[in-house]
file run_31.csv (CSV, C-alpha atoms and all ligand atoms)
chain,number,residue,atom,x,y,z
A,217,MET,CA,0.0,0.0,0.0
A,218,LYS,CA,1.4,3.4,-0.9
A,219,SER,CA,1.9,5.9,1.9
A,220,GLU,CA,-0.8,8.3,0.4
A,221,GLU,CA,-3.3,5.4,0.5
A,222,LEU,CA,-2.3,4.7,4.1
A,223,LYS,CA,-2.7,8.3,5.1
A,224,THR,CA,-6.3,8.3,3.7
A,225,LEU,CA,-7.1,5.1,5.5
A,226,PHE,CA,-6.0,6.4,9.0
A,227,SER,CA,-6.9,10.1,8.9
A,228,PRO,CA,-10.5,10.7,9.9
A,229,PRO,CA,-12.8,11.3,6.9
A,230,LYS,CA,-13.9,14.9,6.4
A,231,GLY,CA,-17.4,16.3,7.3
A,232,SER,CA,-20.1,14.5,9.2
A,233,TRP,CA,-18.8,11.0,8.5
A,234,GLY,CA,-15.7,11.8,10.5
A,235,VAL,CA,-17.7,13.0,13.5
A,236,PHE,CA,-20.0,9.9,13.2
A,237,LEU,CA,-17.0,7.5,13.2
A,238,LEU,CA,-15.4,9.2,16.2
A,239,LEU,CA,-18.6,9.0,18.2
A,240,ALA,CA,-19.1,5.4,17.3
A,241,LEU,CA,-15.5,4.6,18.4
A,242,ALA,CA,-16.1,6.5,21.7
A,243,CYS,CA,-19.3,4.6,22.2
A,244,ILE,CA,-17.5,1.2,21.7
A,245,VAL,CA,-14.7,2.2,24.0
A,246,SER,CA,-17.0,3.3,26.8
A,247,THR,CA,-19.2,0.2,26.5
A,248,ALA,CA,-16.1,-1.9,26.7
A,249,ASP,CA,-15.0,0.0,29.8
A,250,ALA,CA,-18.4,-0.4,31.4
A,251,LYS,CA,-18.2,-4.2,30.8
A,252,LYS,CA,-14.6,-4.3,32.1
A,253,LYS,CA,-15.6,-2.6,35.4
A,254,LYS,CA,-16.1,-5.5,37.9
A,255,THR,CA,-17.2,-3.5,40.9
A,256,SER,CA,-18.9,-0.2,41.5
A,257,GLY,CA,-15.8,1.4,43.2
A,258,ASN,CA,-16.4,3.9,46.0
A,259,PRO,CA,-17.6,6.6,45.7
A,260,ILE,CA,-20.1,5.2,43.2
A,261,PHE,CA,-20.3,8.5,41.2
A,262,GLU,CA,-18.2,11.7,41.0
A,263,GLY,CA,-19.0,14.8,43.0
A,264,TRP,CA,-19.8,15.9,46.5
A,265,TYR,CA,-23.1,14.2,47.4
A,266,ALA,CA,-24.5,13.3,50.8
A,267,ASP,CA,-27.5,11.8,52.6
A,268,PRO,CA,-28.1,9.2,49.8
A,269,GLU,CA,-31.6,7.7,49.6
A,270,GLY,CA,-31.4,4.4,47.7
A,271,ALA,CA,-34.4,2.7,46.2
A,272,VAL,CA,-35.5,0.2,43.5
A,273,LEU,CA,-37.9,2.0,41.1
A,274,ASP,CA,-39.1,0.9,37.7
A,275,GLY,CA,-36.7,-2.1,37.5
A,276,LYS,CA,-33.6,-0.1,38.3
A,277,TYR,CA,-31.5,0.9,41.3
A,278,TRP,CA,-31.7,4.6,42.2
A,279,VAL,CA,-29.9,7.0,44.5
A,280,PHE,CA,-31.3,10.4,45.4
A,281,PRO,CA,-28.6,12.4,47.3
A,282,THR,CA,-28.2,15.9,48.7
A,283,PHE,CA,-25.9,18.2,46.6
A,284,SER,CA,-23.3,18.8,49.3
A,285,ALA,CA,-22.3,22.5,49.2
A,286,PRO,CA,-22.7,25.7,51.3
A,287,TYR,CA,-26.4,26.1,52.3
A,288,ASP,CA,-27.1,29.0,49.9
A,289,GLU,CA,-25.8,26.9,47.0
A,290,GLN,CA,-28.0,23.9,47.8
A,291,LEU,CA,-30.8,24.7,45.3
A,292,HIS,CA,-31.2,21.5,43.3
A,293,PHE,CA,-31.1,17.7,43.4
A,294,ASP,CA,-29.5,15.3,40.9
A,295,ALA,CA,-30.4,11.6,40.9
A,296,PHE,CA,-28.5,8.5,39.7
A,297,SER,CA,-29.7,5.3,38.3
A,298,SER,CA,-28.2,1.9,37.6
A,299,LYS,CA,-29.2,-1.5,36.1
A,300,ASP,CA,-26.4,-3.4,37.9
A,301,LEU,CA,-25.0,-1.3,40.8
A,302,VAL,CA,-21.7,-0.9,39.0
A,303,ASN,CA,-22.5,1.6,36.2
A,304,TRP,CA,-24.4,4.7,37.2
A,305,THR,CA,-26.2,7.3,35.0
A,306,LYS,CA,-26.6,10.9,36.3
A,307,HIS,CA,-30.0,12.6,35.9
A,308,GLU,CA,-29.4,16.3,36.4
A,309,ASN,CA,-31.7,18.9,38.1
A,310,ILE,CA,-34.6,16.5,38.8
A,311,ILE,CA,-36.0,19.4,40.9
A,312,THR,CA,-34.6,22.9,41.4
A,313,LYS,CA,-35.5,26.1,43.4
A,314,GLN,CA,-37.8,27.1,40.5
A,315,ASP,CA,-40.0,24.1,41.2
A,316,ILE,CA,-40.5,24.9,45.0
A,317,PRO,CA,-42.0,28.4,45.6
A,318,TRP,CA,-41.1,28.5,49.3
A,319,LEU,CA,-37.5,27.3,49.0
A,320,ARG,CA,-34.7,29.8,49.7
A,321,ARG,CA,-31.7,27.5,50.5
A,322,ALA,CA,-30.5,24.2,52.0
A,323,LEU,CA,-32.4,21.7,49.9
A,324,TRP,CA,-31.6,18.5,51.9
A,325,ALA,CA,-31.9,14.8,52.3
A,326,PRO,CA,-34.4,13.5,49.7
A,327,ALA,CA,-36.7,10.5,50.4
A,328,ILE,CA,-38.4,8.8,47.5
A,329,ILE,CA,-41.4,6.5,47.4
A,330,GLU,CA,-43.6,5.1,44.6
A,331,ALA,CA,-47.3,5.1,45.3
A,332,ASN,CA,-50.5,5.7,43.4
A,333,ASN,CA,-48.6,5.2,40.1
A,334,LYS,CA,-46.5,8.3,40.9
A,335,TYR,CA,-43.2,9.1,42.5
A,336,TYR,CA,-43.2,11.2,45.7
A,337,LEU,CA,-40.0,13.1,46.5
A,338,PHE,CA,-39.9,14.4,50.1
A,339,PHE,CA,-37.2,16.9,51.0
A,340,GLY,CA,-36.0,19.3,53.7
A,341,GLY,CA,-35.8,23.0,52.8
A,342,ASN,CA,-34.4,26.3,54.3
A,343,ASP,CA,-32.8,24.7,57.5
A,344,VAL,CA,-35.9,26.0,59.3
A,345,HIS,CA,-35.9,27.5,62.8
A,346,GLU,CA,-38.8,28.6,64.9
A,347,GLY,CA,-41.0,31.3,63.3
A,348,GLU,CA,-39.5,30.7,59.8
A,349,VAL,CA,-41.0,29.2,56.6
A,350,GLY,CA,-39.4,25.9,55.7
A,351,GLY,CA,-39.2,22.3,56.8
A,352,ILE,CA,-40.3,19.1,55.0
A,353,GLY,CA,-41.8,19.4,51.6
A,354,VAL,CA,-43.2,17.0,49.0
A,355,ALA,CA,-42.9,17.0,45.2
A,356,VAL,CA,-44.5,14.6,42.7
A,357,SER,CA,-43.6,13.3,39.3
A,358,ASP,CA,-44.7,10.6,36.9
A,359,LYS,CA,-41.1,9.3,36.4
A,360,PRO,CA,-38.4,8.5,38.9
A,361,GLU,CA,-36.0,10.9,37.0
A,362,GLY,CA,-38.6,13.8,37.3
A,363,PRO,CA,-39.1,16.6,36.7
A,364,TYR,CA,-40.6,16.9,40.1
A,365,LYS,CA,-42.9,19.8,41.1
A,366,ASP,CA,-43.7,20.9,44.7
A,367,ALA,CA,-47.2,19.5,45.4
A,368,LEU,CA,-48.4,21.8,48.1
A,369,GLY,CA,-47.0,25.3,47.5
A,370,LYS,CA,-45.9,25.2,51.2
A,371,PRO,CA,-44.1,22.8,53.5
A,372,LEU,CA,-45.9,19.7,54.6
A,373,ILE,CA,-44.3,20.0,58.1
A,374,ASN,CA,-43.3,23.6,59.0
A,375,GLU,CA,-43.6,23.4,62.8
A,376,ILE,CA,-40.9,22.3,65.3
A,377,VAL,CA,-42.5,19.7,67.6
A,378,ASN,CA,-40.9,17.8,70.4
A,379,GLY,CA,-37.7,19.7,69.7
A,380,ALA,CA,-37.2,17.9,66.3
A,381,GLN,CA,-36.1,20.1,63.4
A,382,PRO,CA,-38.3,19.1,60.4
A,383,ILE,CA,-35.6,17.6,58.2
A,384,ASP,CA,-34.3,14.1,57.2
A,385,GLN,CA,-37.7,12.5,56.6
A,386,PHE,CA,-38.0,8.8,55.7
A,387,VAL,CA,-41.3,7.4,54.4
A,388,PHE,CA,-41.9,3.8,55.5
A,389,ARG,CA,-44.8,1.7,54.0
A,390,ASP,CA,-45.8,-1.1,56.4
A,391,ASP,CA,-47.2,-4.4,55.2
A,392,ASP,CA,-50.8,-3.2,55.8
A,393,GLY,CA,-50.3,-0.4,53.3
A,394,GLN,CA,-50.1,2.4,56.0
A,395,TYR,CA,-47.4,5.1,55.3
A,396,TYR,CA,-45.5,6.5,58.2
A,397,MET,CA,-43.0,9.3,58.1
A,398,PHE,CA,-40.1,9.3,60.5
A,399,TYR,CA,-38.1,12.6,60.6
A,400,GLY,CA,-36.1,14.9,62.7
A,401,GLY,CA,-32.8,16.6,63.4
A,402,TRP,CA,-31.6,18.3,66.6
A,403,ARG,CA,-31.5,15.0,68.5
A,404,HIS,CA,-35.2,14.3,68.3
A,405,CYS,CA,-37.2,12.0,66.1
A,406,ASN,CA,-40.9,12.1,65.4
A,407,VAL,CA,-43.3,9.8,63.6
A,408,CYS,CA,-46.5,10.7,61.8
A,409,LYS,CA,-49.1,8.9,59.7
A,410,LEU,CA,-49.5,10.0,56.1
A,411,SER,CA,-52.8,10.0,54.1
A,412,PRO,CA,-53.1,7.5,51.2
A,413,ASP,CA,-52.3,10.4,48.7
A,414,LEU,CA,-49.1,11.1,50.8
A,415,LEU,CA,-49.9,14.8,50.8
A,416,SER,CA,-51.2,15.3,54.3
A,417,ILE,CA,-50.8,14.1,57.9
A,418,VAL,CA,-53.4,12.0,59.6
A,419,PRO,CA,-53.6,12.6,63.4
A,420,TRP,CA,-53.1,9.7,65.8
A,421,GLU,CA,-56.1,8.4,67.9
A,422,ASP,CA,-55.1,10.9,70.7
A,423,GLY,CA,-55.5,13.9,68.2
A,424,GLN,CA,-51.8,14.6,68.1
A,425,LYS,CA,-50.1,14.8,64.7
A,426,PHE,CA,-46.6,13.8,65.9
A,427,HIS,CA,-45.4,11.3,68.4
A,428,GLU,CA,-41.8,11.3,69.5
A,429,VAL,CA,-39.9,8.1,68.9
A,430,THR,CA,-36.3,9.1,69.6
A,431,PRO,CA,-34.7,5.7,70.0
A,432,SER,CA,-31.5,6.6,71.9
A,433,LYS,CA,-30.0,9.5,73.7
A,434,GLU,CA,-27.2,9.4,71.1
A,435,TYR,CA,-29.7,9.9,68.2
A,436,VAL,CA,-29.0,13.0,66.1
A,437,GLU,CA,-30.7,12.8,62.7
A,438,GLY,CA,-31.2,10.7,59.5
A,439,PRO,CA,-33.8,8.1,60.6
A,440,PHE,CA,-34.3,5.0,58.4
A,441,MET,CA,-36.5,1.9,58.9
A,442,LEU,CA,-36.8,-1.5,57.3
A,443,LYS,CA,-38.8,-4.6,58.1
A,444,ARG,CA,-37.3,-8.1,57.9
A,445,ASN,CA,-38.8,-11.3,59.3
A,446,GLY,CA,-41.4,-9.4,61.2
A,447,LYS,CA,-38.9,-7.2,63.0
A,448,TYR,CA,-38.6,-3.4,62.6
A,449,TYR,CA,-35.0,-2.2,62.2
A,450,PHE,CA,-34.7,1.4,63.1
A,451,MET,CA,-31.4,3.1,62.1
A,452,TRP,CA,-30.2,6.6,62.5
A,453,SER,CA,-27.1,8.9,62.4
A,454,GLN,CA,-25.3,10.2,65.5
A,455,GLY,CA,-22.4,12.6,66.1
A,456,GLY,CA,-21.9,15.8,64.2
A,457,TRP,CA,-22.1,15.5,60.4
A,458,THR,CA,-19.1,17.8,59.7
A,459,GLY,CA,-16.8,15.8,62.1
A,460,PRO,CA,-14.9,12.5,61.8
A,461,ASP,CA,-17.1,10.5,64.3
A,462,TYR,CA,-20.5,10.8,62.5
A,463,CYS,CA,-21.8,7.2,62.4
A,464,VAL,CA,-24.9,5.0,62.1
A,465,ALA,CA,-26.5,3.0,64.9
A,466,TYR,CA,-29.6,0.8,65.1
A,467,ALA,CA,-32.3,-0.7,67.3
A,468,ILE,CA,-34.9,-3.5,66.8
A,469,SER,CA,-38.6,-3.5,67.7
A,470,ASP,CA,-41.7,-5.5,67.2
A,471,THR,CA,-43.6,-2.4,66.1
A,472,PRO,CA,-42.7,0.7,64.0
A,473,PHE,CA,-43.0,2.9,67.2
A,474,GLY,CA,-40.9,0.9,69.7
A,475,PRO,CA,-40.1,0.1,72.3
A,476,PHE,CA,-36.7,-0.1,70.7
A,477,LYS,CA,-34.0,-2.5,71.8
A,478,LEU,CA,-30.7,-0.6,71.3
A,479,LYS,CA,-28.2,-2.8,69.3
A,480,GLY,CA,-25.2,-0.4,68.7
A,481,LYS,CA,-23.2,1.0,65.8
A,482,ILE,CA,-23.1,-0.5,62.3
A,483,LEU,CA,-21.2,2.1,60.3
A,484,GLN,CA,-18.4,4.3,61.6
A,485,ARG,CA,-15.0,5.8,60.7
A,486,ASP,CA,-12.2,3.5,59.5
A,487,GLU,CA,-8.8,5.0,59.6
A,488,SER,CA,-7.7,3.0,56.6
A,489,ILE,CA,-10.7,4.1,54.4
A,490,ALA,CA,-12.7,7.2,55.4
A,491,ARG,CA,-14.2,9.3,58.2
A,492,GLY,CA,-17.6,10.8,59.0
A,493,ALA,CA,-19.5,7.9,57.6
A,494,GLY,CA,-23.3,8.2,58.0
A,495,HIS,CA,-26.7,9.4,56.9
A,496,HIS,CA,-27.4,6.1,55.1
A,497,SER,CA,-30.3,4.2,53.5
A,498,VAL,CA,-30.6,0.5,52.6
A,499,ILE,CA,-31.6,-1.2,49.3
A,500,LYS,CA,-33.0,-4.6,49.3
A,501,VAL,CA,-32.5,-6.6,46.1
A,502,PRO,CA,-36.0,-7.5,44.9
A,503,GLY,CA,-36.9,-11.2,45.5
A,504,LYS,CA,-33.7,-11.8,47.5
A,505,ASP,CA,-32.6,-11.5,51.2
A,506,GLU,CA,-29.7,-9.3,50.1
A,507,TYR,CA,-29.1,-5.8,51.2
A,508,TYR,CA,-26.8,-2.9,50.4
A,509,ILE,CA,-26.1,0.2,52.5
A,510,ILE,CA,-25.8,3.5,50.7
A,511,TYR,CA,-24.1,6.2,52.8
A,512,HIS,CA,-21.8,9.2,52.6
A,513,ARG,CA,-18.3,9.4,54.0
A,514,ARG,CA,-15.4,11.9,54.0
A,515,PRO,CA,-12.1,11.0,52.3
A,516,LEU,CA,-9.3,10.7,54.9
A,517,GLU,CA,-7.3,13.6,53.4
A,518,GLU,CA,-10.3,16.0,53.5
A,519,THR,CA,-11.6,18.3,56.3
A,520,ASP,CA,-14.2,20.5,54.5
A,521,GLY,CA,-17.5,19.5,56.1
A,522,ASN,CA,-19.2,19.4,52.8
A,523,HIS,CA,-16.7,17.1,51.2
A,524,ARG,CA,-19.0,14.1,51.4
A,525,VAL,CA,-19.1,11.3,48.8
A,526,THR,CA,-21.7,8.6,48.2
A,527,CYS,CA,-20.7,5.0,48.7
A,528,ILE,CA,-22.2,1.5,48.7
A,529,ASP,CA,-21.2,-1.6,50.6
A,530,ARG,CA,-22.9,-4.9,51.7
A,531,LEU,CA,-25.2,-4.8,54.7
A,532,ILE,CA,-25.2,-8.3,56.2
A,533,PHE,CA,-27.7,-9.8,58.6
A,534,ASN,CA,-26.3,-12.3,61.1
A,535,PRO,CA,-28.2,-15.6,61.5
A,536,ASP,CA,-29.6,-14.3,64.9
A,537,GLY,CA,-31.1,-11.3,63.1
A,538,THR,CA,-28.6,-8.7,64.2
A,539,ILE,CA,-26.7,-6.6,61.7
A,540,ALA,CA,-22.9,-7.2,61.2
A,541,PRO,CA,-20.7,-4.0,61.4
A,542,VAL,CA,-20.4,-2.7,57.8
A,543,LYS,CA,-17.0,-3.1,56.2
A,544,MET,CA,-16.3,0.1,54.2
A,545,THR,CA,-14.4,-0.5,51.0
A,546,PHE,CA,-12.8,1.3,48.1
A,547,GLU,CA,-14.0,-1.5,45.7
A,548,GLY,CA,-17.7,-1.1,46.4
A,549,VAL,CA,-19.9,-3.9,45.3
A,550,LYS,CA,-20.1,-6.5,42.5
A,551,ARG,CA,-22.6,-6.4,39.6
A,552,ASN,CA,-26.1,-7.4,40.7
A,553,LYS,CA,-28.8,-7.1,38.1
A,554,ILE,CA,-32.4,-7.0,39.1
A,555,LYS,CA,-34.2,-10.1,37.9
A,556,LYS,CA,-37.4,-9.3,35.9
A,557,THR,CA,-40.5,-10.6,37.7
A,558,PRO,CA,-42.8,-12.4,35.3
A,601,LIG,O1,-26.8,17.4,54.1
A,601,LIG,C1,-27.5,18.2,55.0
A,601,LIG,C2,-27.6,17.6,56.4
A,601,LIG,O2,-26.4,17.0,56.8
A,601,LIG,C3,-28.6,16.5,56.5
A,601,LIG,O3,-29.9,16.9,56.5
A,601,LIG,C4,-28.1,15.9,57.8
A,601,LIG,O4,-28.6,14.7,58.0
A,601,LIG,C5,-26.6,15.9,57.5
A,601,LIG,O5,-26.2,14.8,56.8
call {"tool": "encode", "arguments": {"input": "run_31.csv", "output": "structure tokens"}}
result
Amino acid sequence: MKSEELKTLFSPPKGSWGVFLLLALACIVSTADAKKKKTSGNPIFEGWYADPEGAVLDGKYWVFPTFSAPYDEQLHFDAFSSKDLVNWTKHENIITKQDIPWLRRALWAPAIIEANNKYYLFFGGNDVHEGEVGGIGVAVSDKPEGPYKDALGKPLINEIVNGAQPIDQFVFRDDDGQYYMFYGGWRHCNVCKLSPDLLSIVPWEDGQKFHEVTPSKEYVEGPFMLKRNGKYYFMWSQGGWTGPDYCVAYAISDTPFGPFKLKGKILQRDESIARGAGHHSVIKVPGKDEYYIIYHRRPLEETDGNHRVTCIDRLIFNPDGTIAPVKMTFEGVKRNKIKKTP
């Protein structure tokens, strides 16, 4: 082959064909890379993201985190989806300040739930204090990736009751179909009942809207609940979220409201991996007794309170029903595709 012919063969063709071929090549390389990746790695995606809420929605794994930045810059949420826990796709701006008329700042700690053929995204807004507008809001969309719109035009919970700042909500659906919302910062946790449309609070039999369920004197924020083999596992974060000792502890109960038997810490700093590990959630693999903990942590070399990254590791139940301490890793977890149910 003459050198002129060789040059023509290896120099990109002119015009749109050249662009097309380069794009096709990039696509082949990135697909090959995705296939090569054996574990998720930790963090599971780039960027400063905290308070991750994991869920299985519409046949995929999802993570809805806080955008971790100074309060005045926390004005949107991104979400992330994955078919296999290893490769994650970013969905940008699923909700922004423009979609929430009462939001000024500090859009925090999303909680997601599918109900009534819709997706309900609960969130904290404004870092509310007594006498201010803010607290826990709710937005709705037809798709997990949004766009979400504020459903009420005002917070669902604005008031500070039992000393609990209205933030860090988690919505739990019990087997009888009743939705409960656990929430609260400032060392206090409340529970309330949600209406079937998830847009209002149904008072308890005693007429109160909120009952305090703070499970331990160490409780600070970030409540989470799951039910397994008839037992209610209540988990939360304790310590200060900007510090190295932030961590997750849990208790077990026979009801969603206690009494809670304190079991101890399941996630905490590891001087060979990271510090400040906390504000977690748990994903159950559909149809299997397999669980993953999604949480944020701070890299060892970092001290900026907002430098929090989202990670995943295995959550393992011991044969006696207790939870084994989580082993934080840099590798993350292996591929685990959701099996389609017939
Ligand atoms: O990310 C904002 C706040 O930090 C959350 O609401 C708290 O739980 C803490 O993680």
call {"tool": "closest_atom_pairs", "arguments": {"input": "run_31.csv", "of": "chain A", "to": "ligand LIG 601 (chain A)", "cutoff": "7 Å", "atoms": "only C-alpha atoms and all ligand atoms", "output": "CSV"}}
result
residue,atom,partner,partner_atom,distance
A:Ala266,CA,A:LIG601,O1,5.7
A:Asp267,CA,A:LIG601,O5,5.3
A:Thr282,CA,A:LIG601,O1,5.8
A:Ser284,CA,A:LIG601,O1,6.1
A:Trp324,CA,A:LIG601,C1,5.1
A:Ala325,CA,A:LIG601,O3,5.1
A:Ile383,CA,A:LIG601,O3,6.0
A:Asp384,CA,A:LIG601,O3,5.3
A:Glu437,CA,A:LIG601,O4,5.5
A:Gly438,CA,A:LIG601,O4,5.0
A:Trp457,CA,A:LIG601,C5,5.4
A:His495,CA,A:LIG601,O5,5.4
call {"tool": "residues_around", "arguments": {"input": "run_31.csv", "residues": "A:Glu375", "least_positions_apart": "5", "cutoff": "12 Å", "atoms": "only C-alpha atoms", "output": "list in words"}}
result
Val344, His345, Glu346, Gly347, Glu348, Val349, Gly350, Gly351, Ile352, Lys370, Ala380, Gln381, Pro382, Ile383, Gly400, Asn406, Lys425 and Phe426 of chain A
call {"tool": "residues_around", "arguments": {"input": "run_31.csv", "residues": "A:Met451", "least_positions_apart": "5", "cutoff": "9 Å", "atoms": "all atoms listed in the file", "output": "ChimeraX atom specification"}}
result
/A:431,438-442,464-468,496-497
call {"tool": "residues_around", "arguments": {"input": "run_31.csv", "residues": "stretch 290-300 of chain A", "least_positions_apart": "2", "cutoff": "9 Å", "atoms": "only C-alpha atoms", "output": "ChimeraX atom specification"}}
result
/A:256,261,275-288,302-314,319-324,326,360-361,550-554
call {"tool": "residues_near_point", "arguments": {"input": "run_31.csv", "point": "(-38.5, -8.7, 64.9)", "cutoff": "6 Å", "atoms": "only C-alpha atoms", "output": "compact mmCIF listing (two decimals) with C-alpha atoms, keeping the file's coordinate frame"}}
result
# COMPACT_ATOMS: atom_id res chain seq x y z
CA GLY A 446 -41.40 -9.40 61.20
CA LYS A 447 -38.90 -7.20 63.00
CA TYR A 448 -38.60 -3.40 62.60
CA SER A 469 -38.60 -3.50 67.70
CA ASP A 470 -41.70 -5.50 67.20
call {"tool": "closest_residue", "arguments": {"input": "run_31.csv", "among": "A:Thr430, A:Gln484, A:Asn342, A:Asn378", "to": "A:Gly455", "atoms": "all atoms listed in the file"}}
result
A:Gln484
call {"tool": "atom_distance", "arguments": {"input": "run_31.csv", "atom1": "atom CA of A:Gln394", "atom2": "atom CA of A:Leu368"}}
result
21.0 Å
call {"tool": "atom_distance", "arguments": {"input": "run_31.csv", "atom1": "atom CA of A:Lys479", "atom2": "atom CA of A:Trp452"}}
result
11.8 Å
call {"tool": "closest_residue", "arguments": {"input": "run_31.csv", "among": "A:Pro475, A:Arg514, A:Leu483, A:Thr545", "to": "A:Cys463", "atoms": "all atoms listed in the file"}}
result
A:Leu483
call {"tool": "closest_residue", "arguments": {"input": "run_31.csv", "among": "A:Leu478, A:Leu415, A:Leu531, A:Ile260", "to": "A:Glu434", "atoms": "only C-alpha atoms"}}
result
A:Leu478
call {"tool": "closest_residue", "arguments": {"input": "run_31.csv", "among": "A:Lys504, A:Gly379, A:Tyr511, A:Phe338", "to": "A:Lys365", "atoms": "all atoms listed in the file"}}
result
A:Phe338
call {"tool": "atom_distance", "arguments": {"input": "run_31.csv", "atom1": "atom CA of A:Glu330", "atom2": "atom CA of A:Leu273"}}
result
7.4 Å
